[in-house]
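start.cif (mmCIF, C-alpha atoms and all ligand atoms) appears below.
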data_start
#
loop_
_atom_site.label_atom_id
_atom_site.label_comp_id
_atom_site.auth_asym_id
_atom_site.auth_seq_id
_atom_site.Cartn_x
_atom_site.Cartn_y
_atom_site.Cartn_z
CA MET A 1 0.00 0.00 0.00
CA GLU A 2 1.33 3.44 -1.02
CA LEU A 3 1.57 5.76 2.00
CA PRO A 4 0.99 9.50 1.67
CA LYS A 5 4.08 11.65 2.24
CA TYR A 6 4.34 13.73 5.35
CA ASP A 7 4.50 17.48 4.78
CA GLU A 8 8.17 18.13 5.69
CA SER A 9 7.74 21.88 5.97
CA ALA A 10 5.18 21.67 8.77
CA PRO A 11 6.51 22.32 12.27
CA ILE A 12 6.87 19.21 14.41
CA ARG A 13 4.49 18.55 17.26
CA PRO A 14 5.59 19.80 20.65
CA THR A 15 5.88 16.62 22.75
CA GLU A 16 9.32 15.08 22.60
CA VAL A 17 9.62 11.31 22.43
CA ARG A 18 12.96 9.63 23.06
CA LYS A 19 13.09 7.35 20.05
CA GLY A 20 16.19 5.15 20.12
CA THR A 21 16.95 3.31 16.91
CA GLY A 22 14.91 0.86 14.87
CA TYR A 23 11.68 -0.77 15.85
CA ALA A 24 12.93 -3.58 18.04
CA ALA A 25 11.24 -3.99 21.39
CA GLU A 26 12.15 -6.24 24.23
CA ARG A 27 9.86 -9.15 24.99
CA ILE A 28 9.79 -9.33 28.75
CA ASP A 29 7.90 -11.61 31.08
CA PHE A 30 4.26 -10.74 31.48
CA ASP A 31 4.75 -10.16 35.17
CA SER A 32 7.27 -7.37 34.51
CA ILE A 33 4.34 -5.16 33.53
CA PRO A 34 2.19 -4.91 36.63
CA ILE A 35 -1.41 -6.10 36.56
CA VAL A 36 -3.54 -4.08 38.95
CA ASP A 37 -6.71 -5.76 40.20
CA ILE A 38 -9.33 -3.00 40.44
CA GLY A 39 -12.38 -5.26 41.01
CA ALA A 40 -13.07 -4.68 44.68
CA ALA A 41 -11.90 -1.06 44.40
CA ILE A 42 -14.49 -0.10 41.80
CA SER A 43 -17.24 -1.83 43.72
CA GLY A 44 -16.49 0.56 46.60
CA ASP A 45 -14.50 -1.31 49.25
CA PRO A 46 -12.29 1.37 50.92
CA ASP A 47 -9.40 -0.98 51.80
CA ALA A 48 -9.38 -2.40 48.29
CA LYS A 49 -9.38 1.14 46.87
CA ARG A 50 -6.33 2.06 48.93
CA LYS A 51 -4.54 -1.13 47.86
CA ALA A 52 -5.36 -0.60 44.18
CA ALA A 53 -4.34 3.08 44.39
CA ASP A 54 -0.99 2.09 45.95
CA ALA A 55 -0.40 -0.54 43.24
CA LEU A 56 -1.35 1.97 40.55
CA ARG A 57 1.08 4.51 41.97
CA GLU A 58 3.92 2.02 42.12
CA ALA A 59 3.28 0.91 38.53
CA ALA A 60 2.97 4.46 37.23
CA VAL A 61 6.15 5.61 39.00
CA ASN A 62 8.36 2.59 38.26
CA VAL A 63 7.13 1.30 34.89
CA GLY A 64 4.89 4.00 33.40
CA PHE A 65 2.05 1.72 32.31
CA PHE A 66 0.09 -1.25 33.63
CA TYR A 67 -2.73 -3.67 32.93
CA ILE A 68 -6.01 -3.57 34.84
CA LYS A 69 -8.12 -6.66 35.51
CA ASN A 70 -11.62 -7.13 36.94
CA HIS A 71 -12.49 -3.82 35.30
CA GLY A 72 -16.21 -4.58 35.08
CA VAL A 73 -16.63 -4.09 31.30
CA PRO A 74 -18.52 -7.19 30.04
CA ASP A 75 -16.64 -9.34 27.49
CA ALA A 76 -19.74 -9.29 25.24
CA VAL A 77 -19.62 -5.48 24.97
CA ILE A 78 -15.96 -5.61 23.94
CA ALA A 79 -16.57 -8.44 21.44
CA LYS A 80 -19.50 -6.61 19.83
CA ALA A 81 -17.49 -3.41 19.48
CA GLN A 82 -14.66 -5.33 17.82
CA GLU A 83 -17.06 -7.12 15.47
CA ALA A 84 -18.66 -3.79 14.53
CA ALA A 85 -15.21 -2.40 13.75
CA ASP A 86 -14.39 -5.45 11.64
CA ARG A 87 -17.58 -4.99 9.57
CA PHE A 88 -17.05 -1.25 9.16
CA TYR A 89 -13.44 -1.45 8.01
CA ALA A 90 -14.38 -4.13 5.46
CA LEU A 91 -16.57 -1.54 3.65
CA PRO A 92 -15.15 -0.03 0.44
CA VAL A 93 -12.98 3.02 1.13
CA GLU A 94 -15.32 5.31 -0.87
CA VAL A 95 -18.14 4.38 1.51
CA LYS A 96 -15.98 4.97 4.59
CA LYS A 97 -14.80 8.32 3.23
CA GLN A 98 -18.40 9.63 3.30
CA TYR A 99 -17.84 9.85 7.07
CA ASP A 100 -14.40 11.46 6.87
CA VAL A 101 -13.58 13.87 9.77
CA ALA A 102 -12.20 16.24 7.14
CA LYS A 103 -15.77 16.87 5.94
CA SER A 104 -17.23 18.17 9.20
CA LYS A 105 -13.92 19.49 10.62
CA ARG A 106 -15.24 18.24 13.95
CA HIS A 107 -13.45 15.39 15.69
CA ARG A 108 -16.06 12.79 14.78
CA GLY A 109 -16.02 10.05 12.16
CA TYR A 110 -13.58 8.28 9.88
CA VAL A 111 -9.85 9.01 9.58
CA PRO A 112 -8.39 7.33 6.47
CA VAL A 113 -4.81 6.10 6.06
CA GLY A 114 -2.73 9.27 5.87
CA GLY A 115 -5.16 11.29 8.02
CA LEU A 116 -3.04 10.77 11.14
CA SER A 117 0.69 11.16 11.71
CA ALA A 118 1.16 10.63 15.42
CA ASP A 119 4.90 10.98 14.88
CA PRO A 120 5.37 13.57 12.13
CA THR A 121 8.37 11.73 10.70
CA THR A 122 6.28 8.66 9.80
CA SER A 123 2.92 8.03 8.13
CA ASP A 124 0.68 5.71 10.06
CA LEU A 125 -0.60 2.54 8.38
CA GLN A 126 -3.98 2.49 10.10
CA GLU A 127 -7.54 3.75 9.82
CA GLY A 128 -9.49 5.19 12.72
CA TYR A 129 -12.98 6.23 13.73
CA GLU A 130 -13.48 9.03 16.25
CA VAL A 131 -16.37 8.93 18.72
CA GLY A 132 -17.11 11.28 21.61
CA LEU A 133 -19.76 12.13 24.13
CA GLU A 134 -23.10 12.22 22.30
CA VAL A 135 -24.41 15.80 22.32
CA PRO A 136 -27.65 17.15 20.82
CA ALA A 137 -27.73 19.41 17.75
CA ASP A 138 -28.38 22.45 19.99
CA ASP A 139 -25.41 21.80 22.29
CA PRO A 140 -23.87 25.22 23.07
CA ASP A 141 -20.26 24.03 22.60
CA TYR A 142 -21.19 22.51 19.24
CA LEU A 143 -23.01 25.65 18.16
CA ALA A 144 -19.97 27.70 19.21
CA GLY A 145 -17.85 25.69 16.74
CA ASN A 146 -15.90 23.64 19.29
CA ALA A 147 -14.22 20.78 17.37
CA LEU A 148 -14.39 18.40 20.35
CA PHE A 149 -18.17 18.56 20.85
CA ALA A 150 -20.52 17.56 18.07
CA PRO A 151 -23.21 14.96 17.49
CA ASN A 152 -21.41 11.72 16.62
CA VAL A 153 -21.17 10.74 12.96
CA TRP A 154 -22.50 7.21 12.38
CA PRO A 155 -22.35 5.13 9.17
CA ALA A 156 -25.85 4.82 7.72
CA GLU A 157 -24.90 1.48 6.08
CA MET A 158 -24.45 -0.13 9.49
CA PRO A 159 -27.10 0.67 12.10
CA ASP A 160 -25.50 -1.75 14.58
CA PHE A 161 -22.20 0.16 14.53
CA GLN A 162 -23.70 3.05 16.50
CA ALA A 163 -25.29 0.81 19.14
CA ASP A 164 -22.28 -1.47 19.57
CA ILE A 165 -19.62 1.24 19.61
CA TYR A 166 -21.55 3.64 21.83
CA ALA A 167 -22.32 0.84 24.33
CA TYR A 168 -18.55 0.37 24.62
CA PHE A 169 -18.02 4.13 25.00
CA GLU A 170 -20.53 4.32 27.86
CA GLU A 171 -19.05 1.34 29.71
CA MET A 172 -15.66 2.95 29.40
CA MET A 173 -16.86 6.30 30.73
CA THR A 174 -18.04 4.54 33.90
CA LEU A 175 -14.68 2.79 34.19
CA GLY A 176 -12.85 6.07 33.55
CA ARG A 177 -14.60 7.84 36.40
CA SER A 178 -13.60 4.99 38.76
CA MET A 179 -10.03 5.17 37.48
CA TYR A 180 -9.92 8.92 38.11
CA ARG A 181 -10.81 8.21 41.76
CA LEU A 182 -7.93 5.73 42.02
CA PHE A 183 -5.57 8.22 40.41
CA ALA A 184 -6.68 10.88 42.94
CA LEU A 185 -5.97 8.52 45.86
CA ALA A 186 -2.69 7.44 44.27
CA VAL A 187 -1.36 11.02 44.39
CA GLY A 188 -2.65 11.73 47.89
CA MET A 189 -5.59 13.91 46.85
CA PRO A 190 -9.19 13.52 48.06
CA GLU A 191 -10.85 10.67 46.20
CA ASP A 192 -13.43 13.01 44.61
CA PHE A 193 -10.85 15.55 43.40
CA PHE A 194 -11.53 14.89 39.70
CA ASP A 195 -15.32 14.41 40.02
CA ASP A 196 -16.26 18.02 39.24
CA LYS A 197 -13.75 18.07 36.37
CA VAL A 198 -15.44 15.28 34.42
CA THR A 199 -19.01 16.61 34.11
CA LYS A 200 -18.79 16.96 30.31
CA PRO A 201 -15.39 15.56 29.44
CA CYS A 202 -13.94 15.88 25.94
CA ALA A 203 -13.08 12.17 26.15
CA GLN A 204 -12.56 10.39 22.87
CA LEU A 205 -12.88 6.80 21.71
CA ARG A 206 -10.72 5.92 18.72
CA VAL A 207 -11.65 2.66 17.00
CA MET A 208 -8.60 1.54 15.03
CA TYR A 209 -7.80 -0.90 12.28
CA TYR A 210 -4.33 -1.96 11.20
CA PRO A 211 -4.17 -4.13 8.07
CA ALA A 212 -2.25 -7.40 8.14
CA THR A 213 1.30 -6.85 6.89
CA ASP A 214 4.35 -9.03 6.55
CA PRO A 215 5.94 -8.90 10.02
CA LYS A 216 9.37 -8.52 8.37
CA ASP A 217 8.31 -5.14 6.88
CA SER A 218 8.02 -3.45 10.30
CA ALA A 219 5.37 -1.09 8.86
CA VAL A 220 4.63 1.63 11.38
CA GLY A 221 0.97 1.28 12.45
CA ILE A 222 1.16 4.36 14.64
CA GLY A 223 4.40 6.25 15.17
CA ALA A 224 5.95 7.01 18.55
CA HIS A 225 3.92 9.54 20.50
CA THR A 226 2.41 10.31 23.87
CA ASP A 227 -1.33 10.68 24.41
CA TYR A 228 -2.63 14.13 25.28
CA GLU A 229 -5.35 13.53 27.82
CA SER A 230 -5.19 12.25 31.43
CA PHE A 231 -4.80 8.53 30.80
CA THR A 232 -5.71 6.01 28.10
CA VAL A 233 -7.42 2.64 28.52
CA LEU A 234 -6.72 0.36 25.58
CA TYR A 235 -8.16 -2.88 24.24
CA GLN A 236 -6.14 -4.57 21.49
CA SER A 237 -7.13 -7.64 19.50
CA GLU A 238 -3.54 -8.58 18.59
CA SER A 239 -0.06 -7.78 19.78
CA GLY A 240 1.84 -4.89 18.22
CA LEU A 241 1.81 -2.25 20.94
CA GLN A 242 5.25 -1.18 22.14
CA VAL A 243 5.60 1.07 25.16
CA GLN A 244 8.62 2.95 26.47
CA ASN A 245 9.17 2.23 30.14
CA ARG A 246 10.60 4.67 32.69
CA ALA A 247 14.10 3.35 31.94
CA GLY A 248 13.69 4.38 28.28
CA ASP A 249 13.49 0.80 26.89
CA TRP A 250 10.85 -0.17 24.31
CA ILE A 251 8.82 -3.05 25.72
CA GLU A 252 6.20 -5.17 23.97
CA ALA A 253 2.85 -4.91 25.67
CA PRO A 254 0.79 -7.79 24.24
CA PRO A 255 -2.91 -8.24 24.97
CA ILE A 256 -3.69 -10.28 28.07
CA PRO A 257 -7.22 -11.74 28.06
CA GLY A 258 -9.52 -10.09 30.58
CA THR A 259 -7.40 -6.95 30.91
CA PHE A 260 -6.99 -3.49 29.44
CA ILE A 261 -3.69 -1.68 29.27
CA VAL A 262 -3.47 1.79 30.82
CA ASN A 263 -0.95 4.46 29.98
CA ILE A 264 -0.42 7.87 31.54
CA ALA A 265 -0.99 10.84 29.24
CA ASP A 266 0.19 14.46 29.09
CA MET A 267 -2.32 16.12 31.42
CA MET A 268 -1.77 13.62 34.26
CA MET A 269 1.96 14.20 33.86
CA ARG A 270 1.43 17.94 34.36
CA TRP A 271 -0.97 17.49 37.25
CA THR A 272 1.55 15.23 39.00
CA ASN A 273 4.65 17.30 38.13
CA ASP A 274 6.32 14.29 36.40
CA LEU A 275 5.64 11.88 39.27
CA PHE A 276 3.73 10.01 36.56
CA VAL A 277 5.19 10.47 33.10
CA SER A 278 3.24 10.50 29.86
CA THR A 279 4.25 7.17 28.33
CA PRO A 280 5.64 7.14 24.75
CA HIS A 281 4.26 4.26 22.70
CA ARG A 282 3.85 3.06 19.10
CA VAL A 283 2.36 0.16 17.16
CA ILE A 284 4.18 -2.11 14.74
CA ASN A 285 1.68 -4.75 13.67
CA THR A 286 3.95 -7.78 13.63
CA SER A 287 1.08 -10.18 14.34
CA GLY A 288 0.62 -11.11 10.68
CA ASN A 289 -3.14 -10.57 11.19
CA LYS A 290 -5.41 -7.59 10.88
CA ARG A 291 -5.43 -5.82 14.20
CA PHE A 292 -8.17 -3.82 15.95
CA SER A 293 -7.79 -1.57 18.93
CA LEU A 294 -10.18 0.54 20.97
CA ALA A 295 -8.50 3.42 22.77
CA LEU A 296 -10.46 5.48 25.27
CA PHE A 297 -8.63 8.73 25.89
CA PHE A 298 -9.92 9.93 29.25
CA ALA A 299 -10.01 13.67 29.29
CA ALA A 300 -11.56 16.23 31.64
CA ASP A 301 -13.97 19.08 30.94
CA TYR A 302 -12.86 21.40 28.14
CA GLY A 303 -12.13 24.44 30.33
CA THR A 304 -10.33 22.58 33.16
CA VAL A 305 -7.12 24.35 34.10
CA VAL A 306 -4.39 21.76 34.70
CA GLU A 307 -1.73 22.79 37.16
CA CYS A 308 0.61 21.03 39.55
CA LEU A 309 -1.29 19.35 42.41
CA PRO A 310 -0.37 20.52 45.93
CA THR A 311 0.70 16.96 46.83
CA CYS A 312 3.22 16.89 43.99
CA ARG A 313 5.34 19.92 44.86
CA ASP A 314 7.40 21.30 47.73
CA GLU A 315 10.28 23.74 48.11
CA ASN A 316 12.72 21.23 46.59
CA ASN A 317 10.33 20.23 43.83
CA PRO A 318 8.66 23.32 42.40
CA PRO A 319 6.08 23.04 39.59
CA LYS A 320 7.81 22.12 36.31
CA TYR A 321 5.05 23.31 33.97
CA PRO A 322 2.89 26.40 33.67
CA PRO A 323 -0.86 25.82 33.96
CA THR A 324 -2.61 24.83 30.76
CA HIS A 325 -6.20 24.39 29.62
CA PHE A 326 -7.34 20.85 28.89
CA GLY A 327 -9.34 21.57 25.74
CA TYR A 328 -6.67 23.84 24.32
CA TRP A 329 -3.98 21.21 24.87
CA ILE A 330 -5.94 18.53 23.04
CA GLU A 331 -6.88 20.77 20.14
CA ASN A 332 -3.32 22.03 19.79
CA MET A 333 -2.00 18.45 19.71
CA HIS A 334 -4.67 17.43 17.21
CA SER A 335 -3.49 20.23 14.93
CA TYR A 336 -0.04 18.62 14.90
CA SER A 337 -1.27 15.05 14.41
CA TYR A 338 -4.36 15.09 12.19
CA ALA A 339 -4.08 16.12 8.55
CA TYR A 340 -7.52 17.76 8.56
CA ARG A 341 -6.28 20.29 11.16
CA TRP A 342 -2.71 20.89 9.92
CA ASP A 343 -3.50 24.42 8.77
CA GLU A 344 -4.12 25.35 12.42
CA ARG A 345 -0.69 24.25 13.65
CA GLY A 346 0.73 26.76 16.08
CA LYS A 347 -2.20 29.12 15.44
CA LEU A 348 -4.79 28.10 18.02
CA PRO A 349 -5.21 30.78 20.68
CA ASN A 350 -3.67 29.65 23.98
CA PRO A 351 -5.96 30.83 26.81
CA GLU A 352 -2.93 31.15 29.12
CA LEU A 353 -1.35 33.88 26.99
CA THR A 354 -2.39 37.52 26.78
CA SER A 355 -3.44 38.83 23.39
CA THR A 356 -0.02 40.50 22.86
CA GLU A 357 1.78 37.25 23.69
CA GLN A 358 -0.58 35.42 21.29
CA MET A 359 0.44 37.79 18.52
CA ASP A 360 4.14 37.37 19.34
CA SER A 361 3.90 33.56 19.38
CA ALA A 362 2.06 33.53 16.04
CA ASN A 363 4.86 35.56 14.40
O1 LIG B 1 -3.60 0.72 18.57
C1 LIG B 1 -3.01 0.77 19.64
O2 LIG B 1 -2.72 -0.24 20.28
C2 LIG B 1 -2.56 2.10 20.21
C3 LIG B 1 -3.07 3.31 19.48
C4 LIG B 1 -2.58 4.60 20.06
O3 LIG B 1 -1.57 4.66 20.70
C5 LIG B 1 -3.35 5.86 19.88
O4 LIG B 1 -4.30 5.89 19.08
O5 LIG B 1 -3.01 6.87 20.54
FE FE B 2 -1.50 6.50 21.81
#
Please express what this file holds, its structure, as structure tokens.
Ligand SMILES: O=C(O)CCC(=O)C(=O)O
Ligand SMILES: [Fe+2]
Amino acid sequence: MELPKYDESAPIRPTEVRKGTGYAAERIDFDSIPIVDIGAAISGDPDAKRKAADALREAAVNVGFFYIKNHGVPDAVIAKAQEAADRFYALPVEVKKQYDVAKSKRHRGYVPVGGLSADPTTSDLQEGYEVGLEVPADDPDYLAGNALFAPNVWPAEMPDFQADIYAYFEEMMTLGRSMYRLFALAVGMPEDFFDDKVTKPCAQLRVMYYPATDPKDSAVGIGAHTDYESFTVLYQSESGLQVQNRAGDWIEAPPIPGTFIVNIADMMMRWTNDLFVSTPHRVINTSGNKRFSLALFFAADYGTVVECLPTCRDENNPPKYPPTHFGYWIENMHSYSYAYRWDERGKLPNPELTSTEQMDSAN
């Protein structure tokens, strides 16, 4: 398959990823990546919550990513979402392109091969479908032109796609709210610290398809990047995910039945002042099979100001980052990664800057 060329003149996206050389990744024992049991914690047992929060903290600090088990999302919901993805991606590309994000310029719908360059130096050999919180046609953020809030775009050819994918989205939102509570406990904040920051989150589900390729080709499914939100919960049908651990080594993170994999993203890194680091990762589909993944990027409300938590700073460890706005951060990163927004690179107004600073940074 011919891949589109990346526009070399465009500025590179702001998050640095330590790349190393080649696409080799170490295959380590399963138990080197922690598996955190969150079952009793999400059903409300306080001791279990503390234990899970401690395990989460240890994994996030020492490894940078972890699996979760007993997450409460029924296997049937996951299977139906994967089957829906399989049917959708089998449609002819002209049909899929009717739902292209580039048409609405809102972050909803189909992203063809070439529509995403997570690492600007590579083109990603994958297709995606973007789904968010369902909002009505008179939603004020939608009417105001906000790219992250719009009624979802659903393929008319496949009525089941909407039901099966949105059922997964809703299950994951429930899980995400529980995970936020564990993250709050893990960093010594009150358990409900994030509750009022996820009332209308700009969370995003990306349903992905990677075609089967010859494993020897090492085709880049998604280039090295970090995620922009708070944390990501990922289901993958096949191996291929490689994650960079805190030591800087690329590690294979294969699917383990009954689990999701969780990685820390940019906003959690800022909240925690690098106690948890946004985990670089990439996909090389070496499975020899077509590969599906469902990534739920847990965000917070659009206007949430993200600044160093009081439990993550002291006189010897001052805040490393200025405050930033959640929605701005995501949109700015999208403008570096998604072809349909490339013309906005570096031009989106940063709410943290005064109008004079905005003008200076645009010049
Ligand atoms: O497909 C995967 O396993 C990961 C995808 C990913 O990292 C992303 O979409 O941000
Ligand atoms: Fe990612």
Closest atom pairs, residues of range 217-236 of chain A within 10 Å of range 61-78 of chain A, all atoms listed in the file, as a tab-separated table:
residue	atom	partner	partner_atom	distance
A:Phe231	CA	A:Phe65	CA	9.8
A:Thr232	CA	A:Phe65	CA	9.8
A:Val233	CA	A:Ile68	CA	9.0
A:Leu234	CA	A:Tyr67	CA	9.3
A:Tyr235	CA	A:Ile78	CA	8.3
(message) For a quick check of understanding, using only C-alpha atoms and all ligand atoms, which of A:Arg282, A:Arg345, A:Arg270, A:Arg313 has the smallest distance to ligand LIG 1 (chain B)?
(response)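 Residue with the minimum atom-to-atom distance to ligand LIG 1 (chain B): A:Arg282.
Of the listed residues A:Leu148, A:Ile261, A:Ala59, A:Ala118, the one whose atoms come nearest to ligand FE 2 (chain B) is A:Ala118, with distances taken using only C-alpha atoms and all ligand atoms.
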(request) Would you mind listing what lies within 9 Å of range 212-222 of chain A as an NGL selection string, with all atoms listed in the file counted and same-chain residues fewer than 2 positions away left out? (result) :A and (23 or 116-119 or 122-126 or 210 or 224-225 or 240 or 281-291)
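Going from CA of Glu157 in chain A over to CA of Tyr99 in chain A, you cover 11.0 Å.
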(request) Quick one: everything within 7 Å of Glu307 in chain A, counting all atoms listed in the file, minus sequence neighbours fewer than 6 positions away in the same chain. Send it as an MDAnalysis selection string. (result) chainID A and resid 270:271 322:324
(request) Please identify all polymer residues within 9 Å of Glu229 in chain A, counting all atoms listed in the file, omitting same-chain residues fewer than 5 positions from it, and present them as a count of residues only. (result) 13
(request) Quick one: pull the distance between CA of Val277 in chain A and CA of Val262 in chain A, Å, one decimal. (result)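 So the two atoms, CA of Val277 in chain A and CA of Val262 in chain A, lie 12.5 Å apart.
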Exercise: Arg57 in chain A partners within 10 Å, only C-alpha atoms, chain neighbours under 6 positions left out, as a PDB file with C-alpha atoms, in the coordinates of the input:
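Saved the output as around35.pdb:
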ATOM      1  CA  LYS A  51      -4.540  -1.130  47.860  1.00  0.00           C
ATOM      2  CA  VAL A  63       7.130   1.300  34.890  1.00  0.00           C
ATOM      3  CA  GLY A  64       4.890   4.000  33.400  1.00  0.00           C
ATOM      4  CA  LEU A 182      -7.930   5.730  42.020  1.00  0.00           C
ATOM      5  CA  PHE A 183      -5.570   8.220  40.410  1.00  0.00           C
ATOM      6  CA  LEU A 185      -5.970   8.520  45.860  1.00  0.00           C
ATOM      7  CA  ALA A 186      -2.690   7.440  44.270  1.00  0.00           C
ATOM      8  CA  VAL A 187      -1.360  11.020  44.390  1.00  0.00           C
ATOM      9  CA  LEU A 275       5.640  11.880  39.270  1.00  0.00           C
ATOM     10  CA  PHE A 276       3.730  10.010  36.560  1.00  0.00           C
TER      11      PHE A 276
END
Reconstructed range 95-115 of chain A, atom set N, CA and C atoms, as a tab-separated table (two decimals), in the frame of the given file:
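Generated file (out-v7.tsv):
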chain	number	residue	atom	x	y	z
A	95	VAL	N	-17.01	4.32	0.56
A	95	VAL	CA	-18.14	4.38	1.51
A	95	VAL	C	-17.65	4.98	2.83
A	96	LYS	N	-16.51	4.48	3.31
A	96	LYS	CA	-15.98	4.97	4.59
A	96	LYS	C	-15.68	6.47	4.51
A	97	LYS	N	-15.19	6.90	3.36
A	97	LYS	CA	-14.80	8.32	3.23
A	97	LYS	C	-16.00	9.27	3.27
A	98	GLN	N	-17.22	8.75	3.13
A	98	GLN	CA	-18.40	9.63	3.30
A	98	GLN	C	-18.46	10.18	4.73
A	99	TYR	N	-17.77	9.46	5.64
A	99	TYR	CA	-17.84	9.85	7.07
A	99	TYR	C	-16.53	10.46	7.54
A	100	ASP	N	-15.73	10.93	6.59
A	100	ASP	CA	-14.40	11.46	6.87
A	100	ASP	C	-14.47	12.67	7.81
A	101	VAL	N	-13.64	12.71	8.86
A	101	VAL	CA	-13.58	13.87	9.77
A	101	VAL	C	-13.30	15.16	9.01
A	102	ALA	N	-12.58	15.04	7.90
A	102	ALA	CA	-12.20	16.24	7.14
A	102	ALA	C	-13.45	16.96	6.61
A	103	LYS	N	-14.57	16.24	6.48
A	103	LYS	CA	-15.77	16.87	5.94
A	103	LYS	C	-16.41	17.81	6.95
A	104	SER	N	-16.54	17.35	8.20
A	104	SER	CA	-17.23	18.17	9.20
A	104	SER	C	-16.25	19.10	9.91
A	105	LYS	N	-14.95	18.77	9.84
A	105	LYS	CA	-13.92	19.49	10.62
A	105	LYS	C	-14.22	19.43	12.12
A	106	ARG	N	-15.06	18.53	12.51
A	106	ARG	CA	-15.24	18.24	13.95
A	106	ARG	C	-14.60	16.88	14.17
A	107	HIS	N	-14.22	16.61	15.45
A	107	HIS	CA	-13.45	15.39	15.69
A	107	HIS	C	-14.35	14.18	15.83
A	108	ARG	N	-15.09	13.89	14.78
A	108	ARG	CA	-16.06	12.79	14.78
A	108	ARG	C	-16.01	12.11	13.42
A	109	GLY	N	-15.92	10.78	13.41
A	109	GLY	CA	-16.02	10.05	12.16
A	109	GLY	C	-14.71	9.41	11.74
A	110	TYR	N	-14.62	9.13	10.45
A	110	TYR	CA	-13.58	8.28	9.88
A	110	TYR	C	-12.29	9.05	9.58
A	111	VAL	N	-11.16	8.44	9.92
A	111	VAL	CA	-9.85	9.01	9.58
A	111	VAL	C	-9.14	8.00	8.68
A	112	PRO	N	-8.99	8.31	7.39
A	112	PRO	CA	-8.39	7.33	6.47
A	112	PRO	C	-6.88	7.20	6.69
A	113	VAL	N	-6.27	6.20	6.05
A	113	VAL	CA	-4.81	6.10	6.06
A	113	VAL	C	-4.25	7.42	5.55
A	114	GLY	N	-3.30	7.99	6.27
A	114	GLY	CA	-2.73	9.27	5.87
A	114	GLY	C	-3.36	10.44	6.61
A	115	GLY	N	-4.49	10.20	7.28
A	115	GLY	CA	-5.16	11.29	8.02
A	115	GLY	C	-4.53	11.55	9.37
